[in-house]
>>> print(open('my_file15.tsv').read())   # TSV, C-alpha atoms
chain	number	residue	atom	x	y	z
A	143	MET	CA	-10.27	-12.90	-11.01
A	144	ARG	CA	-7.87	-10.09	-10.11
A	145	ILE	CA	-8.01	-8.18	-6.82
A	146	GLY	CA	-5.88	-5.09	-6.19
A	147	THR	CA	-4.50	-4.50	-2.70
A	148	ALA	CA	-1.62	-2.19	-1.69
A	149	GLU	CA	2.14	-2.22	-1.13
A	150	GLN	CA	4.23	-5.15	0.12
A	151	ASP	CA	3.55	-6.03	3.80
A	152	SER	CA	0.44	-3.79	3.83
A	153	THR	CA	-2.79	-4.61	5.62
A	154	PHE	CA	-4.72	-4.63	2.32
A	155	LEU	CA	-2.31	-7.26	1.00
A	156	THR	CA	-2.76	-9.58	3.99
A	157	GLN	CA	-6.54	-9.09	3.83
A	158	GLY	CA	-6.48	-9.86	0.14
A	159	ARG	CA	-4.70	-13.14	0.76
A	160	ALA	CA	-7.29	-14.17	3.34
A	161	LEU	CA	-10.08	-13.16	0.97
A	162	ARG	CA	-8.51	-15.28	-1.78
A	163	THR	CA	-8.62	-18.31	0.53
A	164	VAL	CA	-12.34	-17.84	1.20
A	165	LEU	CA	-13.20	-17.19	-2.43
A	166	GLU	CA	-11.23	-20.14	-3.77
A	167	ARG	CA	-12.72	-22.49	-1.17
A	168	SER	CA	-16.14	-21.29	-2.27
A	169	GLY	CA	-15.28	-21.90	-5.92
A	170	VAL	CA	-15.92	-18.28	-6.87
A	171	GLY	CA	-14.45	-16.95	-10.10
A	172	GLY	CA	-11.78	-19.60	-10.59
A	173	PRO	CA	-8.18	-18.81	-9.58
A	174	VAL	CA	-7.86	-15.55	-7.64
A	175	GLU	CA	-4.86	-13.32	-8.33
A	176	ILE	CA	-3.87	-10.90	-5.56
A	177	LEU	CA	-2.01	-7.92	-7.02
A	178	LEU	CA	0.18	-5.30	-5.38
A	179	SER	CA	-0.86	-1.67	-5.84
A	180	PRO	CA	1.82	0.67	-4.45
A	181	SER	CA	-0.59	3.63	-4.27
A	182	ALA	CA	-3.34	1.42	-2.84
A	183	SER	CA	-6.79	3.03	-3.20
A	184	ILE	CA	-5.74	5.38	-5.97
A	185	ASP	CA	-4.06	2.66	-8.01
A	186	ASN	CA	-6.96	0.29	-7.53
A	187	ALA	CA	-9.55	2.78	-8.76
A	188	ASN	CA	-7.46	3.63	-11.81
A	189	ARG	CA	-6.82	-0.03	-12.59
A	190	LEU	CA	-10.52	-0.83	-12.30
A	191	HIS	CA	-11.14	1.99	-14.78
A	192	LYS	CA	-8.62	0.44	-17.20
A	193	GLY	CA	-10.07	-3.05	-16.84
A	194	GLU	CA	-6.93	-4.41	-15.16
A	195	LEU	CA	-8.84	-5.58	-12.06
A	196	GLU	CA	-12.24	-7.03	-11.23
A	197	PHE	CA	-12.12	-5.90	-7.57
A	198	GLY	CA	-10.00	-3.59	-5.47
A	199	PHE	CA	-9.52	-2.62	-1.84
A	200	MET	CA	-10.10	1.08	-1.16
A	201	ALA	CA	-10.42	3.37	1.84
A	202	ALA	CA	-13.91	4.87	1.93
A	203	ASN	CA	-12.61	8.45	1.79
A	204	TRP	CA	-11.38	7.86	-1.79
A	205	ILE	CA	-14.34	6.24	-3.49
A	206	GLY	CA	-16.44	9.40	-3.82
A	207	ARG	CA	-13.51	11.29	-5.31
A	208	ALA	CA	-12.85	8.52	-7.79
A	209	ARG	CA	-16.53	8.37	-8.77
A	210	GLN	CA	-16.56	12.13	-9.41
A	211	GLY	CA	-13.12	12.33	-11.03
A	212	ARG	CA	-11.80	14.78	-8.46
A	213	PRO	CA	-8.04	15.04	-7.77
A	214	PRO	CA	-5.96	12.97	-7.62
A	215	PHE	CA	-8.16	11.22	-10.22
A	216	SER	CA	-8.00	12.64	-13.73
A	217	ALA	CA	-11.34	11.22	-14.88
A	218	PRO	CA	-14.48	9.77	-13.25
A	219	VAL	CA	-14.29	6.07	-12.43
A	220	ASP	CA	-17.59	4.19	-12.63
A	221	LEU	CA	-17.09	2.42	-9.30
A	222	ARG	CA	-19.64	0.20	-7.61
A	223	MET	CA	-19.64	-0.86	-3.97
A	224	VAL	CA	-19.32	-4.52	-3.10
A	225	THR	CA	-18.77	-4.98	0.65
A	226	PRO	CA	-17.12	-3.41	3.69
A	227	MET	CA	-13.88	-5.07	4.71
A	228	ASN	CA	-12.93	-3.56	8.07
A	229	VAL	CA	-12.62	-0.41	10.14
A	230	GLY	CA	-8.94	0.43	10.38
A	231	PRO	CA	-7.41	2.80	12.95
A	232	LEU	CA	-4.98	5.45	11.66
A	233	TYR	CA	-2.47	6.24	14.37
A	234	PHE	CA	0.85	7.99	14.87
A	235	ILE	CA	3.65	6.24	16.71
A	236	ALA	CA	6.86	7.60	18.23
A	237	LEU	CA	9.74	6.11	20.19
A	238	SER	CA	8.86	5.52	23.82
A	239	ASP	CA	11.55	7.91	25.07
A	240	SER	CA	10.76	10.65	22.52
A	241	GLY	CA	8.78	12.85	24.91
A	242	LEU	CA	5.92	12.97	22.40
A	243	GLU	CA	2.52	12.15	23.85
A	244	SER	CA	-0.14	13.71	21.60
A	245	VAL	CA	-0.52	14.33	17.88
A	246	THR	CA	-0.34	18.04	18.67
A	247	ASP	CA	3.25	17.45	19.80
A	248	LEU	CA	4.12	16.69	16.17
A	249	LEU	CA	4.20	20.40	15.31
A	250	GLY	CA	7.64	21.15	13.88
A	251	ARG	CA	8.59	17.47	13.69
A	252	ARG	CA	9.56	15.04	10.94
A	253	VAL	CA	6.82	12.49	10.30
A	254	ALA	CA	6.95	9.47	7.97
A	255	VAL	CA	3.58	9.44	6.25
A	256	GLY	CA	3.86	6.73	3.58
A	257	ALA	CA	4.84	6.84	-0.07
A	258	ARG	CA	4.02	10.16	-1.74
A	259	THR	CA	1.08	8.81	-3.76
A	260	SER	CA	-0.19	6.42	-1.09
A	261	GLY	CA	-3.48	6.53	0.73
A	262	MET	CA	-1.58	6.85	4.00
A	263	ALA	CA	0.03	10.09	2.82
A	264	GLN	CA	-3.39	11.46	1.92
A	265	HIS	CA	-4.75	10.53	5.35
A	266	ALA	CA	-1.82	12.37	6.93
A	267	GLN	CA	-2.52	15.42	4.80
A	268	SER	CA	-6.17	15.44	5.90
A	269	MET	CA	-5.13	15.19	9.54
A	270	PHE	CA	-2.50	17.94	9.30
A	271	GLU	CA	-4.94	20.26	7.52
A	272	THR	CA	-7.50	19.68	10.28
A	273	LEU	CA	-4.86	20.58	12.84
A	274	GLY	CA	-4.25	23.80	10.88
A	275	TRP	CA	-0.73	22.86	9.79
A	276	ASN	CA	0.97	23.49	6.46
A	277	ASP	CA	4.32	22.48	4.97
A	278	GLN	CA	6.13	25.05	7.11
A	279	ASP	CA	4.66	23.62	10.31
A	280	ILE	CA	5.55	19.98	9.83
A	281	THR	CA	7.98	17.98	7.71
A	282	ALA	CA	6.20	15.15	5.93
A	283	VAL	CA	8.69	12.44	4.96
A	284	TYR	CA	7.46	10.25	2.12
A	285	LEU	CA	8.58	6.69	2.82
A	286	ASP	CA	6.70	3.42	2.49
A	287	LEU	CA	5.72	1.63	5.69
A	288	ALA	CA	8.85	-0.49	6.01
A	289	ALA	CA	11.25	2.37	5.22
A	290	GLY	CA	9.32	4.69	7.51
A	291	ALA	CA	9.59	2.24	10.40
A	292	GLN	CA	13.33	1.94	9.82
A	293	ALA	CA	13.65	5.73	9.77
A	294	LEU	CA	11.79	5.97	13.08
A	295	ALA	CA	13.99	3.33	14.69
A	296	SER	CA	17.17	5.09	13.53
A	297	GLY	CA	16.02	8.57	14.55
A	298	ALA	CA	15.77	9.88	10.98
A	299	VAL	CA	12.14	10.82	11.67
A	300	ASP	CA	10.34	11.66	14.91
A	301	ALA	CA	7.08	9.80	14.28
A	302	GLN	CA	5.29	7.62	11.77
A	303	LEU	CA	1.70	7.25	10.62
A	304	GLN	CA	0.99	3.53	10.86
A	305	CYS	CA	-1.73	1.29	9.46
A	306	PRO	CA	-3.97	-1.07	11.44
A	307	PRO	CA	-2.44	-3.83	13.53
A	308	PRO	CA	-1.62	-6.58	13.16
A	309	ASN	CA	0.79	-5.81	10.37
A	310	LYS	CA	4.22	-7.26	9.69
A	311	VAL	CA	6.06	-3.94	9.66
A	312	MET	CA	4.64	-2.90	13.01
A	313	ALA	CA	5.36	-6.30	14.58
A	314	GLU	CA	8.99	-6.25	13.43
A	315	LEU	CA	9.47	-2.65	14.58
A	316	THR	CA	8.05	-3.17	18.06
A	317	ALA	CA	10.02	-6.39	18.51
A	318	ARG	CA	13.27	-4.39	18.45
A	319	THR	CA	12.25	-0.83	19.33
A	320	PRO	CA	9.98	0.41	22.16
A	321	VAL	CA	7.28	2.68	20.73
A	322	LYS	CA	4.15	4.47	21.91
A	323	VAL	CA	0.85	5.40	20.24
A	324	LEU	CA	0.15	9.13	20.32
A	325	SER	CA	-3.22	10.25	21.64
A	326	TRP	CA	-5.64	12.77	20.15
A	327	PRO	CA	-7.05	15.65	22.23
A	328	ALA	CA	-10.83	15.25	22.26
A	329	ASP	CA	-11.49	18.61	20.60
A	330	GLN	CA	-9.09	17.91	17.75
A	331	LEU	CA	-10.56	14.47	17.24
A	332	ASP	CA	-14.03	16.02	17.01
A	333	ARG	CA	-12.74	18.51	14.44
A	334	LEU	CA	-11.24	15.72	12.37
A	335	LEU	CA	-14.46	13.69	12.30
A	336	THR	CA	-16.41	16.79	11.29
A	337	ALA	CA	-13.94	17.66	8.55
A	338	VAL	CA	-13.71	14.10	7.19
A	339	PRO	CA	-17.16	12.50	7.70
A	340	VAL	CA	-16.04	9.07	6.45
A	341	TYR	CA	-13.74	8.78	9.46
A	342	ARG	CA	-15.15	7.22	12.59
A	343	LEU	CA	-13.95	6.52	16.10
A	344	THR	CA	-12.42	3.25	17.13
A	345	LYS	CA	-10.71	2.06	20.27
A	346	MET	CA	-7.29	0.46	20.05
A	347	LEU	CA	-7.22	-1.97	22.94
A	348	ARG	CA	-4.34	-2.41	25.33
A	349	GLY	CA	-2.02	-5.08	23.97
A	350	ALA	CA	-3.09	-4.63	20.34
A	351	LEU	CA	0.58	-3.96	19.68
A	352	ARG	CA	3.68	-4.12	21.82
A	353	GLY	CA	4.03	-0.85	23.70
A	354	LEU	CA	0.31	-0.07	23.86
A	355	ASP	CA	-0.32	-0.43	27.60
A	356	HIS	CA	-3.75	1.26	27.74
A	357	ASP	CA	-6.84	1.62	25.57
A	358	VAL	CA	-6.69	4.64	23.27
A	359	THR	CA	-9.35	6.21	21.04
A	360	GLN	CA	-8.19	6.86	17.48
A	361	PRO	CA	-9.68	7.95	14.16
A	362	ALA	CA	-10.42	5.11	11.77
A	363	VAL	CA	-11.44	4.69	8.17
A	364	LEU	CA	-13.87	2.18	6.71
A	365	ASN	CA	-12.06	0.06	4.15
A	366	VAL	CA	-14.16	-1.47	1.41
A	367	LEU	CA	-14.05	-3.80	-1.57
A	368	VAL	CA	-15.18	-2.12	-4.78
A	369	THR	CA	-15.66	-3.11	-8.39
A	370	HIS	CA	-16.51	-1.47	-11.72
A	371	ALA	CA	-19.96	-1.14	-13.28
A	372	ARG	CA	-18.85	-3.35	-16.19
A	373	VAL	CA	-17.97	-6.36	-14.01
A	374	ASP	CA	-20.30	-9.34	-14.42
A	375	GLU	CA	-23.32	-9.30	-12.12
A	376	GLY	CA	-23.10	-13.01	-11.39
A	377	LEU	CA	-19.46	-12.78	-10.34
A	378	VAL	CA	-20.13	-9.89	-7.95
A	379	ARG	CA	-23.14	-11.72	-6.52
A	380	ASP	CA	-21.01	-14.82	-5.86
A	381	VAL	CA	-18.28	-12.77	-4.19
A	382	VAL	CA	-20.80	-11.09	-1.87
A	383	ARG	CA	-22.37	-14.40	-0.90
A	384	ALA	CA	-18.95	-15.93	-0.24
A	385	VAL	CA	-17.87	-12.98	1.93
A	386	ALA	CA	-21.16	-12.86	3.85
A	387	SER	CA	-21.13	-16.58	4.57
A	388	GLY	CA	-17.39	-16.62	5.19
A	389	ALA	CA	-17.15	-13.68	7.58
A	390	ALA	CA	-16.24	-15.91	10.53
A	391	GLU	CA	-13.56	-17.66	8.50
A	392	LEU	CA	-12.12	-14.33	7.39
A	393	GLU	CA	-11.88	-13.27	11.04
A	394	ARG	CA	-10.09	-16.53	11.84
A	395	LEU	CA	-7.66	-16.15	8.92
A	396	ASN	CA	-6.78	-12.53	9.61
A	397	PRO	CA	-7.51	-10.53	12.79
A	398	LEU	CA	-7.95	-7.39	10.65
A	399	PHE	CA	-11.39	-8.78	9.80
A	400	THR	CA	-12.41	-9.00	13.47
A	401	GLY	CA	-15.94	-7.63	13.86
A	402	MET	CA	-16.72	-7.97	10.18
A	403	SER	CA	-20.13	-9.53	10.83
A	404	GLU	CA	-21.14	-6.33	12.64
A	405	LEU	CA	-20.41	-4.28	9.52
A	406	PHE	CA	-23.35	-5.95	7.76
A	407	GLU	CA	-25.88	-4.96	10.46
A	408	PRO	CA	-26.73	-1.50	9.01
A	409	LEU	CA	-28.07	-3.21	5.88
A	410	LYS	CA	-30.91	-4.62	7.93
A	411	THR	CA	-32.06	-1.22	9.19
A	412	ARG	CA	-30.99	1.24	6.50
A	413	GLY	CA	-31.04	-0.92	3.40
A	414	PRO	CA	-28.64	-0.40	0.47
A	415	ALA	CA	-28.01	3.22	1.48
A	416	ALA	CA	-25.95	1.91	4.40
A	417	PHE	CA	-23.22	0.86	1.97
A	418	GLU	CA	-23.58	3.57	-0.67
A	419	ILE	CA	-20.75	5.84	0.43
A	420	GLY	CA	-19.67	8.97	-1.42
A	421	GLY	CA	-22.42	8.57	-4.00
A	422	VAL	CA	-21.11	5.15	-5.09
A	423	PRO	CA	-24.05	2.73	-5.48
A	424	LEU	CA	-24.01	-0.97	-4.77
A	425	HIS	CA	-23.31	-3.10	-7.82
A	426	PRO	CA	-26.52	-4.90	-8.96
A	427	GLY	CA	-24.73	-8.18	-8.28
A	428	ALA	CA	-24.02	-7.07	-4.72
A	429	LEU	CA	-27.71	-6.24	-4.24
A	430	ARG	CA	-28.62	-9.72	-5.43
A	431	GLY	CA	-26.04	-11.28	-3.14
A	432	TYR	CA	-27.28	-9.47	-0.05
A	433	HIS	CA	-30.91	-10.31	-0.84
A	434	GLU	CA	-30.05	-13.98	-1.31
A	435	ALA	CA	-28.02	-13.96	1.92
A	436	GLY	CA	-31.09	-12.68	3.80
A	437	MET	CA	-29.46	-9.34	4.69
A	438	LEU	CA	-31.81	-7.23	2.57
A	439	ARG	CA	-35.55	-7.52	2.24
>>> encode(input="my_file15.tsv", output="structure tokens")
Amino acid sequence: MRIGTAEQDSTFLTQGRALRTVLERSGVGGPVEILLSPSASIDNANRLHKGELEFGFMAANWIGRARQGRPPFSAPVDLRMVTPMNVGPLYFIALSDSGLESVTDLLGRRVAVGARTSGMAQHAQSMFETLGWNDQDITAVYLDLAAGAQALASGAVDAQLQCPPPNKVMAELTARTPVKVLSWPADQLDRLLTAVPVYRLTKMLRGALRGLDHDVTQPAVLNVLVTHARVDEGLVRDVVRAVASGAAELERLNPLFTGMSELFEPLKTRGPAAFEIGGVPLHPGALRGYHEAGMLR
């Protein structure tokens, strides 16, 4: 069984490794291969389409586009939902002595946003467009997470869009360089959530990373595990049952899964529609798995 994640040292990669542990302990699908996908969500959808993966991590804002074949996808991908993975904050950081406090202070600055084809870069583009900025207003610097962190530390960029903590790149950066998390003005945050409905609010708690000395509200994206319509129903059912029963173990293995059990609650009140995001239906195997786990009537 092959599961696509993201770039080296990414949050999807560390989540994938924890997921492999739970699946292999449950005896699901035989050996589990965790694969790097440098463009993360985009790569994983395309590789599912080609039959190179059985499952892939994706940010929820991409699955509807992939299903419909809208750019950056060149053809529709017959995706099916499997399970939510986590709600991940998307936040900008700057050096502590930079004088930057809010995302609106980024106007005219150089910002590392991830590799050019990465999901992080697309998130940055959505945010900048909501703020009313174009290429003349801000300099987007396309570097992967590790290179972007190095550029921030050296002063080659003024800020970086980071992925959810804990992550290795962020831990190594903050161990040697004092940083701060930039806040969002309430009105701009409201605009962003209206413009990108799959985003939601989350609170990054004081101490979540070194340099965060107070709670701060940030936009977040629901990250999910998806599959393709062709993937065997029994395999998808077994994966869902293993994830549902192993939620507590996933949280223990990787703090990125903290609160995962709560993500299943909407199934009990809204039914399958709770997980059918962007017009992507649940795989029949996932429906079976949730019924058998007692989460769907």
>>> atom_distance(input="my_file15.tsv", atom1="CA of Ala416 (chain A)", atom2="CA of Ala328 (chain A)")
26.9 Å
>>> axis_aligned_box(input="my_file15.tsv", around="region 322-341 of chain A", padding_each_side="5 Å", output="AutoDock Vina command-line options")
--center_x -6.5 --center_y 11.5 --center_z 14.4 --size_x 31.3 --size_y 24.1 --size_z 25.8
>>> residues_around(input="my_file15.tsv", residues="Pro426 (chain A)", least_positions_apart="4", cutoff="9 Å", atoms="only C-alpha atoms", output="ChimeraX atom specification")
/A:222,371,375,378-379,430-431
>>> write_last_selection(input="my_file15.tsv", atoms="C-alpha atoms", output="JSON list (two decimals), in the frame of the given file")
[["chain", "number", "residue", "atom", "x", "y", "z"],
["A", 222, "ARG", "CA", -19.64, 0.20, -7.61],
["A", 371, "ALA", "CA", -19.96, -1.14, -13.28],
["A", 375, "GLU", "CA", -23.32, -9.30, -12.12],
["A", 378, "VAL", "CA", -20.13, -9.89, -7.95],
["A", 379, "ARG", "CA", -23.14, -11.72, -6.52],
["A", 430, "ARG", "CA", -28.62, -9.72, -5.43],
["A", 431, "GLY", "CA", -26.04, -11.28, -3.14]]
>>> residues_around(input="my_file15.tsv", residues="Leu190 (chain A)", least_positions_apart="5", cutoff="12 Å", atoms="all atoms listed in the file", output="PyMOL selection string")
chain A and resi 144-147+179+183-185+195-200+205+208-209+218-222+367-373
>>> closest_residue(input="my_file15.tsv", among="A:Phe234, A:Ser387, A:Asp239, A:Pro213", to="Gly290 (chain A)", atoms="only C-alpha atoms")
A:Phe234
>>> build_atoms(input="my_file15.tsv", residues="region 361-375 of chain A", atoms="N, CA and C atoms", output="compact mmCIF listing (two decimals), in the frame of the given file")
# COMPACT_ATOMS: atom_id res chain seq x y z
N PRO A 361 -8.85 7.88 15.37
CA PRO A 361 -9.68 7.95 14.16
C PRO A 361 -9.48 6.68 13.34
N ALA A 362 -10.50 6.32 12.59
CA ALA A 362 -10.42 5.11 11.77
C ALA A 362 -11.15 5.36 10.47
N VAL A 363 -10.79 4.58 9.47
CA VAL A 363 -11.44 4.69 8.17
C VAL A 363 -12.05 3.34 7.83
N LEU A 364 -13.23 3.39 7.21
CA LEU A 364 -13.87 2.18 6.71
C LEU A 364 -13.19 1.79 5.41
N ASN A 365 -12.67 0.59 5.37
CA ASN A 365 -12.06 0.06 4.15
C ASN A 365 -13.05 -0.87 3.46
N VAL A 366 -13.11 -0.78 2.15
CA VAL A 366 -14.16 -1.47 1.41
C VAL A 366 -13.58 -2.21 0.21
N LEU A 367 -14.36 -3.14 -0.31
CA LEU A 367 -14.05 -3.80 -1.57
C LEU A 367 -14.98 -3.22 -2.63
N VAL A 368 -14.40 -2.74 -3.71
CA VAL A 368 -15.18 -2.12 -4.78
C VAL A 368 -14.95 -2.86 -6.09
N THR A 369 -15.80 -2.56 -7.06
CA THR A 369 -15.66 -3.11 -8.39
C THR A 369 -16.04 -2.03 -9.39
N HIS A 370 -16.13 -2.40 -10.65
CA HIS A 370 -16.51 -1.47 -11.72
C HIS A 370 -17.89 -1.85 -12.23
N ALA A 371 -18.61 -0.88 -12.77
CA ALA A 371 -19.96 -1.14 -13.28
C ALA A 371 -19.98 -2.24 -14.34
N ARG A 372 -18.87 -2.38 -15.10
CA ARG A 372 -18.85 -3.35 -16.19
C ARG A 372 -18.68 -4.80 -15.73
N VAL A 373 -18.27 -5.01 -14.48
CA VAL A 373 -17.97 -6.36 -14.01
C VAL A 373 -19.25 -7.19 -13.92
N ASP A 374 -19.15 -8.45 -14.32
CA ASP A 374 -20.30 -9.34 -14.42
C ASP A 374 -21.11 -9.42 -13.13
N GLU A 375 -22.43 -9.30 -13.28
CA GLU A 375 -23.32 -9.30 -12.12
C GLU A 375 -23.24 -10.61 -11.35
